[in-house]
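protein.cif follows; it contains mmCIF, C-alpha atoms.
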```cif
data_model
loop_
_atom_site.group_PDB
_atom_site.id
_atom_site.type_symbol
_atom_site.label_atom_id
_atom_site.label_comp_id
_atom_site.auth_asym_id
_atom_site.auth_seq_id
_atom_site.Cartn_x
_atom_site.Cartn_y
_atom_site.Cartn_z
ATOM 1 C CA MET D 17 153.842 133.777 179.232
ATOM 2 C CA THR D 18 156.843 136.043 178.557
ATOM 3 C CA SER D 19 158.252 137.232 175.244
ATOM 4 C CA SER D 20 160.976 139.714 174.380
ATOM 5 C CA VAL D 21 161.326 141.985 171.385
ATOM 6 C CA LEU D 22 164.672 143.542 170.429
ATOM 7 C CA VAL D 23 163.925 146.924 168.903
ATOM 8 C CA LYS D 24 166.197 148.432 166.267
ATOM 9 C CA ASN D 25 166.412 151.991 167.523
ATOM 10 C CA ILE D 26 165.866 153.962 170.704
ATOM 11 C CA ASN D 27 162.768 155.770 169.486
ATOM 12 C CA GLU D 28 160.936 152.468 168.984
ATOM 13 C CA ILE D 29 161.097 151.637 172.680
ATOM 14 C CA PHE D 30 159.634 155.027 173.596
ATOM 15 C CA GLU D 31 156.906 154.489 171.007
ATOM 16 C CA ALA D 32 156.113 151.106 172.582
ATOM 17 C CA ALA D 33 155.784 152.725 176.008
ATOM 18 C CA SER D 34 153.390 155.386 174.631
ATOM 19 C CA PHE D 35 154.306 157.938 177.291
ATOM 20 C CA ILE D 36 152.238 161.004 177.977
ATOM 21 C CA SER D 37 155.112 163.219 176.906
ATOM 22 C CA GLN D 38 153.915 166.289 178.792
ATOM 23 C CA GLU D 39 154.083 164.461 182.124
ATOM 24 C CA LEU D 40 157.391 162.602 182.178
ATOM 25 C CA ILE D 41 158.882 161.462 185.486
ATOM 26 C CA ILE D 42 162.574 160.597 185.824
ATOM 27 C CA LYS D 43 163.604 158.190 188.563
ATOM 28 C CA ALA D 44 167.287 157.708 189.529
ATOM 29 C CA ASP D 45 168.213 154.634 191.579
ATOM 30 C CA PHE D 46 171.555 153.490 192.919
ATOM 31 C CA PHE D 47 172.549 150.162 191.390
ATOM 32 C CA SER D 48 174.143 147.548 193.640
ATOM 33 C CA GLY D 49 176.347 146.040 190.932
ATOM 34 C CA GLY D 50 179.489 147.316 189.201
ATOM 35 C CA VAL D 51 179.813 148.902 185.776
ATOM 36 C CA PHE D 52 183.310 147.925 184.687
ATOM 37 C CA ALA D 53 184.204 144.429 183.495
ATOM 38 C CA PHE D 54 187.952 144.206 184.057
ATOM 39 C CA LYS D 55 188.266 143.084 187.671
ATOM 40 C CA ASN D 56 190.251 139.877 187.115
ATOM 41 C CA GLN D 57 193.149 141.251 185.083
ATOM 42 C CA VAL D 58 196.652 140.536 186.393
ATOM 43 C CA THR D 59 198.188 143.922 185.584
ATOM 44 C CA THR D 60 196.129 146.668 187.177
ATOM 45 C CA PRO D 61 196.292 150.452 187.508
ATOM 46 C CA ARG D 62 197.039 149.959 191.199
ATOM 47 C CA LYS D 63 200.086 147.826 190.374
ATOM 48 C CA TYR D 64 201.550 150.514 188.101
ATOM 49 C CA LEU D 65 200.813 153.086 190.792
ATOM 50 C CA GLN D 66 202.604 150.935 193.360
ATOM 51 C CA TRP D 67 205.646 150.731 191.052
ATOM 52 C CA ALA D 68 205.579 154.503 190.539
ATOM 53 C CA LYS D 69 205.688 155.094 194.280
ATOM 54 C CA LYS D 70 208.580 152.669 194.634
ATOM 55 C CA ASN D 71 210.449 154.216 191.668
ATOM 56 C CA SER D 72 210.287 157.758 192.983
ATOM 57 C CA LYS D 73 211.288 157.063 196.590
ATOM 58 C CA ASP D 74 214.966 157.928 196.147
ATOM 59 C CA LYS D 75 214.136 161.100 194.127
ATOM 60 C CA SER D 76 216.928 160.322 191.628
ATOM 61 C CA GLU D 77 216.666 161.192 187.928
ATOM 62 C CA HIS D 78 216.264 157.523 187.055
ATOM 63 C CA GLY D 79 213.619 157.053 189.743
ATOM 64 C CA ARG D 80 211.676 160.172 188.729
ATOM 65 C CA SER D 81 211.770 159.158 185.056
ATOM 66 C CA ASP D 82 210.512 155.636 185.780
ATOM 67 C CA GLY D 83 207.993 157.017 188.262
ATOM 68 C CA ILE D 84 206.323 159.401 185.809
ATOM 69 C CA ASN D 85 206.195 156.654 183.163
ATOM 70 C CA ASN D 86 204.491 154.198 185.517
ATOM 71 C CA VAL D 87 202.019 156.878 186.626
ATOM 72 C CA LYS D 88 201.217 157.464 182.968
ATOM 73 C CA LYS D 89 200.667 153.719 182.476
ATOM 74 C CA SER D 90 198.398 153.596 185.547
ATOM 75 C CA ILE D 91 196.205 156.428 184.268
ATOM 76 C CA GLU D 92 196.187 155.101 180.699
ATOM 77 C CA LEU D 93 195.129 151.663 181.888
ATOM 78 C CA VAL D 94 192.252 153.078 183.953
ATOM 79 C CA ILE D 95 191.037 155.006 180.926
ATOM 80 C CA ASN D 96 191.453 152.143 178.435
ATOM 81 C CA GLN D 97 189.768 149.631 180.734
ATOM 82 C CA ASN D 98 186.832 151.946 181.309
ATOM 83 C CA LEU D 99 186.286 152.677 177.634
ATOM 84 C CA LYS D 100 186.621 148.984 176.765
ATOM 85 C CA SER D 101 184.049 148.052 179.414
ATOM 86 C CA LEU D 102 181.705 150.743 178.129
ATOM 87 C CA ASN D 103 182.318 149.522 174.549
ATOM 88 C CA ILE D 104 183.084 153.083 173.451
ATOM 89 C CA SER D 105 185.387 153.705 170.503
ATOM 90 C CA VAL D 106 186.826 157.223 170.395
ATOM 91 C CA GLY D 107 186.952 157.149 166.597
ATOM 92 C CA ASN D 108 183.338 158.005 165.815
ATOM 93 C CA ASP D 109 181.499 161.231 165.053
ATOM 94 C CA ASN D 110 179.235 161.049 168.094
ATOM 95 C CA VAL D 111 182.237 161.172 170.447
ATOM 96 C CA SER D 112 183.445 164.313 168.652
ATOM 97 C CA LYS D 113 179.969 165.817 168.944
ATOM 98 C CA PHE D 114 179.751 164.882 172.627
ATOM 99 C CA LEU D 115 183.135 166.442 173.410
ATOM 100 C CA GLY D 116 182.230 169.554 171.413
ATOM 101 C CA ASN D 117 179.132 170.033 173.570
ATOM 102 C CA ASN D 118 181.178 169.822 176.794
ATOM 103 C CA VAL D 119 182.631 173.316 176.650
ATOM 104 C CA ASP D 120 184.165 173.281 180.154
ATOM 105 C CA LEU D 121 186.808 170.650 179.302
ATOM 106 C CA GLU D 122 190.417 171.669 179.870
ATOM 107 C CA GLU D 123 192.925 171.964 177.042
ATOM 108 C CA GLY D 124 195.541 169.235 176.842
ATOM 109 C CA GLY D 125 195.336 165.482 176.913
ATOM 110 C CA ASN D 126 193.894 163.454 174.051
ATOM 111 C CA THR D 127 190.474 162.283 172.937
ATOM 112 C CA LYS D 128 190.399 159.443 175.479
ATOM 113 C CA THR D 129 191.328 161.636 178.448
ATOM 114 C CA LYS D 130 188.823 164.291 177.387
ATOM 115 C CA LEU D 131 186.087 161.687 176.938
ATOM 116 C CA ILE D 132 186.640 160.182 180.391
ATOM 117 C CA ALA D 133 186.492 163.690 181.873
ATOM 118 C CA ALA D 134 183.370 164.587 179.876
ATOM 119 C CA LEU D 135 181.630 161.424 181.115
ATOM 120 C CA GLY D 136 182.317 162.565 184.684
ATOM 121 C CA ILE D 137 184.611 159.652 185.558
ATOM 122 C CA ALA D 138 187.768 161.757 185.911
ATOM 123 C CA PRO D 139 188.587 165.386 186.836
ATOM 124 C CA SER D 140 189.526 167.185 183.607
ATOM 125 C CA ILE D 141 192.039 169.714 185.012
ATOM 126 C CA LEU D 142 194.082 167.107 186.881
ATOM 127 C CA ILE D 143 194.136 164.720 183.948
ATOM 128 C CA SER D 144 195.160 167.427 181.451
ATOM 129 C CA ASP D 145 197.971 168.588 183.759
ATOM 130 C CA ILE D 146 199.379 165.105 184.235
ATOM 131 C CA TRP D 147 199.223 164.477 180.480
ATOM 132 C CA ASN D 148 201.286 167.593 179.860
ATOM 133 C CA HIS D 149 203.945 166.328 182.318
ATOM 134 C CA ARG D 150 203.872 162.911 180.670
ATOM 135 C CA ASN D 151 204.372 164.472 177.205
ATOM 136 C CA ASP D 152 207.334 166.481 178.482
ATOM 137 C CA ALA D 153 208.955 163.318 179.847
ATOM 138 C CA GLU D 154 208.198 161.109 176.838
ATOM 139 C CA HIS D 155 208.584 163.461 173.874
ATOM 140 C CA GLU D 156 210.812 166.287 175.106
ATOM 141 C CA PHE D 157 213.044 164.008 177.201
ATOM 142 C CA ILE D 158 212.584 166.263 180.220
ATOM 143 C CA ILE D 159 213.018 164.547 183.560
ATOM 144 C CA PRO D 160 210.384 166.051 185.855
ATOM 145 C CA PRO D 161 211.197 167.369 189.320
ATOM 146 C CA TYR D 162 210.221 165.209 192.275
ATOM 147 C CA ARG D 163 207.316 167.531 193.156
ATOM 148 C CA THR D 164 205.795 166.940 189.701
ATOM 149 C CA VAL D 165 206.167 163.153 190.022
ATOM 150 C CA LYS D 166 204.632 163.260 193.503
ATOM 151 C CA GLN D 167 201.730 165.327 192.190
ATOM 152 C CA ALA D 168 201.227 162.856 189.315
ATOM 153 C CA ILE D 169 201.159 159.921 191.735
ATOM 154 C CA GLU D 170 198.518 161.666 193.844
ATOM 155 C CA VAL D 171 196.454 162.442 190.737
ATOM 156 C CA ALA D 172 196.541 158.761 189.683
ATOM 157 C CA GLU D 173 195.537 157.723 193.175
ATOM 158 C CA LEU D 174 192.637 160.193 193.217
ATOM 159 C CA LEU D 175 191.557 158.982 189.767
ATOM 160 C CA ILE D 176 191.485 155.346 190.896
ATOM 161 C CA LEU D 177 189.544 156.219 194.058
ATOM 162 C CA SER D 178 187.125 158.437 192.118
ATOM 163 C CA ASN D 179 186.687 155.687 189.547
ATOM 164 C CA ASP D 180 185.777 153.186 192.282
ATOM 165 C CA LYS D 181 183.306 155.579 193.901
ATOM 166 C CA ARG D 182 181.598 156.466 190.633
ATOM 167 C CA GLU D 183 181.230 152.792 189.749
ATOM 168 C CA GLU D 184 179.854 151.821 193.155
ATOM 169 C CA ARG D 185 177.278 154.631 193.099
ATOM 170 C CA ALA D 186 176.313 154.544 189.419
ATOM 171 C CA LEU D 187 172.650 155.271 188.753
ATOM 172 C CA THR D 188 170.117 153.266 186.843
ATOM 173 C CA ILE D 189 167.622 155.609 185.218
ATOM 174 C CA GLU D 190 163.914 155.053 184.704
ATOM 175 C CA PHE D 191 161.690 157.076 182.377
ATOM 176 C CA ARG D 192 158.014 156.923 183.223
ATOM 177 C CA ASP D 193 154.850 159.012 183.002
ATOM 178 C CA ILE D 194 151.946 159.710 185.342
ATOM 179 C CA ARG D 195 150.091 156.661 184.022
ATOM 180 C CA ILE D 196 152.872 154.281 185.096
ATOM 181 C CA GLU D 197 153.378 156.242 188.314
ATOM 182 C CA SER D 198 149.713 155.710 189.146
ATOM 183 C CA LEU D 199 149.850 151.992 188.292
ATOM 184 C CA GLU D 200 152.788 151.483 190.646
ATOM 185 C CA LYS D 201 151.107 153.353 193.494
ATOM 186 C CA ASN D 202 147.991 151.207 193.089
ATOM 187 C CA TYR D 203 149.922 147.935 192.726
ATOM 188 C CA LYS D 204 148.261 145.358 195.013
ATOM 189 C CA ASP D 205 149.477 141.939 193.898
ATOM 190 C CA PRO D 206 151.026 140.230 196.974
ATOM 191 C CA PHE D 207 151.827 137.077 195.016
ATOM 192 C CA ARG D 208 153.520 138.898 192.128
ATOM 193 C CA LEU D 209 151.162 137.426 189.546
ATOM 194 C CA LYS D 210 151.818 140.538 187.517
ATOM 195 C CA PRO D 211 155.114 142.411 187.198
ATOM 196 C CA ILE D 212 155.495 145.648 189.142
ATOM 197 C CA PRO D 213 154.776 148.428 186.626
ATOM 198 C CA THR D 214 157.918 150.181 185.410
ATOM 199 C CA GLY D 215 158.806 152.637 182.725
ATOM 200 C CA ILE D 216 161.782 152.458 180.375
ATOM 201 C CA VAL D 217 164.816 151.497 182.451
ATOM 202 C CA PHE D 218 168.460 152.138 181.555
ATOM 203 C CA SER D 219 170.611 149.446 183.203
ATOM 204 C CA TRP D 220 173.486 147.043 182.539
ATOM 205 C CA THR D 221 174.848 143.537 183.066
ATOM 206 C CA LEU D 222 178.531 142.586 183.268
ATOM 207 C CA GLY D 223 180.203 140.493 180.612
ATOM 208 C CA GLU D 224 183.735 139.084 180.671
ATOM 209 C CA GLU D 225 185.368 142.035 178.909
ATOM 210 C CA LYS D 226 182.637 144.577 178.291
ATOM 211 C CA THR D 227 179.349 145.533 179.851
ATOM 212 C CA LEU D 228 175.987 145.171 178.116
ATOM 213 C CA PHE D 229 173.912 148.340 178.429
ATOM 214 C CA LYS D 230 170.251 148.412 177.521
ATOM 215 C CA LEU D 231 166.939 150.223 177.666
ATOM 216 C CA GLN D 232 164.054 147.952 178.634
ATOM 217 C CA TYR D 233 160.307 148.486 178.835
ATOM 218 C CA ASP D 234 158.001 145.774 180.242
ATOM 219 C CA GLU D 235 154.257 145.689 179.972
ATOM 220 C CA PHE D 236 151.546 143.265 181.062
ATOM 221 C CA LYS D 237 148.557 143.360 178.733
ATOM 222 C CA GLU D 238 145.781 140.872 178.040
ATOM 223 C CA GLY D 239 147.419 138.218 180.188
ATOM 224 C CA LYS D 240 150.784 138.449 178.419
ATOM 225 C CA TYR D 241 154.110 139.766 179.680
ATOM 226 C CA GLN D 242 155.920 141.629 176.908
ATOM 227 C CA SER D 243 159.466 142.998 177.170
ATOM 228 C CA TYR D 244 160.879 145.538 174.690
ATOM 229 C CA ILE D 245 164.689 145.866 174.722
ATOM 230 C CA TYR D 246 167.155 148.165 173.009
ATOM 231 C CA GLU D 247 170.814 147.087 173.334
ATOM 232 C CA PHE D 248 173.388 149.861 172.979
ATOM 233 C CA THR D 249 176.335 149.322 170.658
ATOM 234 C CA GLY D 250 178.455 152.053 172.278
ATOM 235 C CA VAL D 251 178.458 154.467 169.327
ATOM 236 C CA GLU D 252 175.145 156.222 170.007
ATOM 237 C CA TYR D 253 175.193 159.860 171.132
ATOM 238 C CA GLU D 254 172.273 159.052 173.439
ATOM 239 C CA PHE D 255 174.370 156.338 175.077
ATOM 240 C CA LEU D 256 177.101 158.833 175.987
ATOM 241 C CA LEU D 257 174.477 161.067 177.593
ATOM 242 C CA LEU D 258 173.020 158.205 179.649
ATOM 243 C CA ILE D 259 176.483 157.104 180.804
ATOM 244 C CA LYS D 260 177.278 160.667 181.862
ATOM 245 C CA ALA D 261 173.992 160.857 183.779
ATOM 246 C CA SER D 262 174.615 157.472 185.428
ATOM 247 C CA PHE D 263 177.944 158.639 186.834
ATOM 248 C CA CYS D 264 176.404 161.729 188.426
ATOM 249 C CA ASP D 265 176.324 161.833 192.214
ATOM 250 C CA LYS D 266 172.823 162.519 193.499
ATOM 251 C CA THR D 267 174.173 164.780 196.260
ATOM 252 C CA TYR D 268 176.135 167.376 194.280
ATOM 253 C CA ASP D 269 175.648 166.577 190.571
ATOM 254 C CA ARG D 270 171.892 167.044 190.348
ATOM 255 C CA GLU D 271 172.015 169.990 187.982
ATOM 256 C CA VAL D 272 174.354 168.082 185.651
ATOM 257 C CA PHE D 273 172.128 164.986 185.878
ATOM 258 C CA GLU D 274 168.940 166.912 185.097
ATOM 259 C CA ASN D 275 170.495 168.885 182.241
ATOM 260 C CA THR D 276 171.949 165.706 180.721
ATOM 261 C CA ILE D 277 168.638 163.839 180.955
ATOM 262 C CA THR D 278 166.894 166.833 179.402
ATOM 263 C CA GLU D 279 169.366 166.744 176.504
ATOM 264 C CA PHE D 280 168.719 162.998 176.101
ATOM 265 C CA LEU D 281 164.953 163.563 175.971
ATOM 266 C CA ASN D 282 165.473 166.301 173.397
ATOM 267 C CA THR D 283 167.020 163.711 171.081
ATOM 268 C CA ILE D 284 163.891 161.567 171.494
ATOM 269 C CA TYR D 285 161.073 164.114 171.522
ATOM 270 C CA LYS D 286 162.600 167.118 169.714
ATOM 271 C CA ASP D 287 161.445 169.610 172.394
ATOM 272 C CA SER D 288 157.870 168.248 172.561
ATOM 273 C CA PHE D 289 158.104 167.017 176.148
ATOM 274 C CA LYS D 290 158.002 168.294 179.699
ATOM 275 C CA VAL D 291 159.552 166.709 182.790
ATOM 276 C CA ARG D 292 157.099 166.753 185.664
ATOM 277 C CA GLU D 293 159.590 165.733 188.355
ATOM 278 C CA PHE D 294 162.908 164.052 189.156
ATOM 279 C CA GLN D 295 162.977 161.353 191.836
ATOM 280 C CA TYR D 296 166.153 160.298 193.640
ATOM 281 C CA ASN D 297 165.980 156.949 195.441
ATOM 282 C CA ASP D 298 168.619 155.089 197.427
ATOM 283 C CA PRO D 299 167.710 151.427 198.125
ATOM 284 C CA GLN D 300 170.701 151.145 200.465
ATOM 285 C CA PHE D 301 168.842 153.418 202.872
ATOM 286 C CA PRO D 302 165.183 152.347 202.599
ATOM 287 C CA GLU D 303 164.261 154.397 205.654
ATOM 288 C CA ASN D 304 164.831 157.545 203.598
ATOM 289 C CA LYS D 305 161.849 158.602 201.558
ATOM 290 C CA CYS D 306 162.119 159.229 197.846
ATOM 291 C CA GLU D 307 163.498 162.705 197.233
ATOM 292 C CA LYS D 308 161.663 164.604 194.542
ATOM 293 C CA LYS D 309 162.291 167.746 192.581
ATOM 294 C CA VAL D 310 159.057 168.915 190.973
ATOM 295 C CA VAL D 311 159.808 170.690 187.710
ATOM 296 C CA SER D 312 156.277 171.474 186.548
ATOM 297 C CA GLU D 313 152.799 171.109 187.922
#
```
Please rewrite the model in this file as structure tokens.
Amino acid sequence: MTSSVLVKNINEIFEAASFISQELIIKADFFSGGVFAFKNQVTTPRKYLQWAKKNSKDKSEHGRSDGINNVKKSIELVINQNLKSLNISVGNDNVSKFLGNNVDLEEGGNTKTKLIAALGIAPSILISDIWNHRNDAEHEFIIPPYRTVKQAIEVAELLILSNDKREERALTIEFRDIRIESLEKNYKDPFRLKPIPTGIVFSWTLGEEKTLFKLQYDEFKEGKYQSYIYEFTGVEYEFLLLIKASFCDKTYDREVFENTITEFLNTIYKDSFKVREFQYNDPQFPENKCEKKVVSE
């Protein structure tokens, strides 16, 4: 028998899991599905990019002006689609707080461009530079030189490619403790009569226009299967941290991932926790063993 409980706040799901807070284990897994829910739209960032390349071919003033405008539309559409899929509105205090805590962001751009950069989806320097060129063209009526338009086109192309890579390799994140770790290691149910023990898992499912993100904790106790679920609305500060962590690459973003997860846990436990180890798994390559970074013994 299975039942689900929607909890009202994030702390409730951690209370339900009753973790041994001094022995937390963080497990990062690659997810096989996408994150963004805008795949079937007719007008796409790639289409605007294609037009920009066509516009700027003859290097004329008219072509350069149209080219920079279509590049701007390509980048804007990527950003707007991403934020819509993530259900994030830039007009809330938690976004301001999140941006304020990302001190390495470049000057320039607007709240949306800074947020996309802070989440790790886009490179902040390139985006801020292209926004400055776009402002010159749109507000100062300055027609950019061909080199600037060419650079903007390449930036848009890199953004689209980076966006695809980040989405394809986004991480689901599991919070567990040594109790759950031990249960999984000792799991011996070949017929799956009981669910495989898991901790609190951050994951998502695609909708038509936006993606549903959730934290879920499942337990099997006294013959009953109980699922606790917290559904993110998109305005939570903790949600921004988990999204940033999910877009980290396990090869070269580990320090960012671990620092971001630590900040997330600080919002839950108020410093009264200790991470025992981080585990990095890749189900696409099952022959590779789980990579671990032991933080404390």
(request) I need the residue set behind the PyMOL selection byres ((chain D and resi 42) around 10) for this file; please write it as a list in words. (result) Leu40, Ile41, Lys43, Ala44, Ile189, Glu190, Phe191, Arg192, Asp193, Gly215, Ile216, Val217, Glu274, Ile277, Thr278, Val291, Arg292, Glu293, Phe294, Gln295, Tyr296, Lys308 and Lys309 of chain D
(request) Quick one: everything within 8 Å of Glu247 in chain D, counting all atoms listed in the file, minus sequence neighbours fewer than 3 positions away in the same chain. Send it as a ChimeraX atom specification. (result) /D:22,228-231
(message) Can you measure CA of Lys226 in chain D to CA of Ala53 in chain D for me? One decimal in Å is fine.
(response) 5.4 Å
(message) If I take CA of Leu102 in chain D and CA of Val58 in chain D, how far is one from the other in Å, to one decimal?
(response)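 Between CA of Leu102 in chain D and CA of Val58 in chain D the gap works out to 19.9 Å.
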(request) Have a look at D:Ile194, D:Val272, D:Leu65, D:Val111 and name the one nearest to Val171 in chain D; count all atoms listed in the file. (result) D:Leu65
Can you give me, as a CSV table (one decimal) with C-alpha atoms, keeping the file's coordinate frame, the residues this file yields under the PyMOL selection byres ((chain D and resi 68-84) around 8)?
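Contents of selection.csv, freshly written:
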```csv
chain,number,residue,atom,x,y,z
D,64,TYR,CA,201.6,150.5,188.1
D,65,LEU,CA,200.8,153.1,190.8
D,66,GLN,CA,202.6,150.9,193.4
D,67,TRP,CA,205.6,150.7,191.1
D,85,ASN,CA,206.2,156.7,183.2
D,86,ASN,CA,204.5,154.2,185.5
D,87,VAL,CA,202.0,156.9,186.6
D,88,LYS,CA,201.2,157.5,183.0
D,150,ARG,CA,203.9,162.9,180.7
D,153,ALA,CA,209.0,163.3,179.8
D,159,ILE,CA,213.0,164.5,183.6
D,160,PRO,CA,210.4,166.1,185.9
D,161,PRO,CA,211.2,167.4,189.3
D,162,TYR,CA,210.2,165.2,192.3
D,165,VAL,CA,206.2,163.2,190.0
D,166,LYS,CA,204.6,163.3,193.5
D,168,ALA,CA,201.2,162.9,189.3
D,169,ILE,CA,201.2,159.9,191.7
```
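Comparing D:Lys89, D:Arg62, D:Lys100, D:Arg195 by their smallest distance to Thr227 in chain D, the closest is D:Lys100 (using only C-alpha atoms).
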(request) Might you pull out every residue within 12 Å of range 112-129 of chain D, with only C-alpha atoms counted and same-chain residues fewer than 5 positions away left off, and present them as number ranges by chain? (result) D: 88, 91-100, 104-107, 134-151, 175, 251-260, 272, 276, 279-280
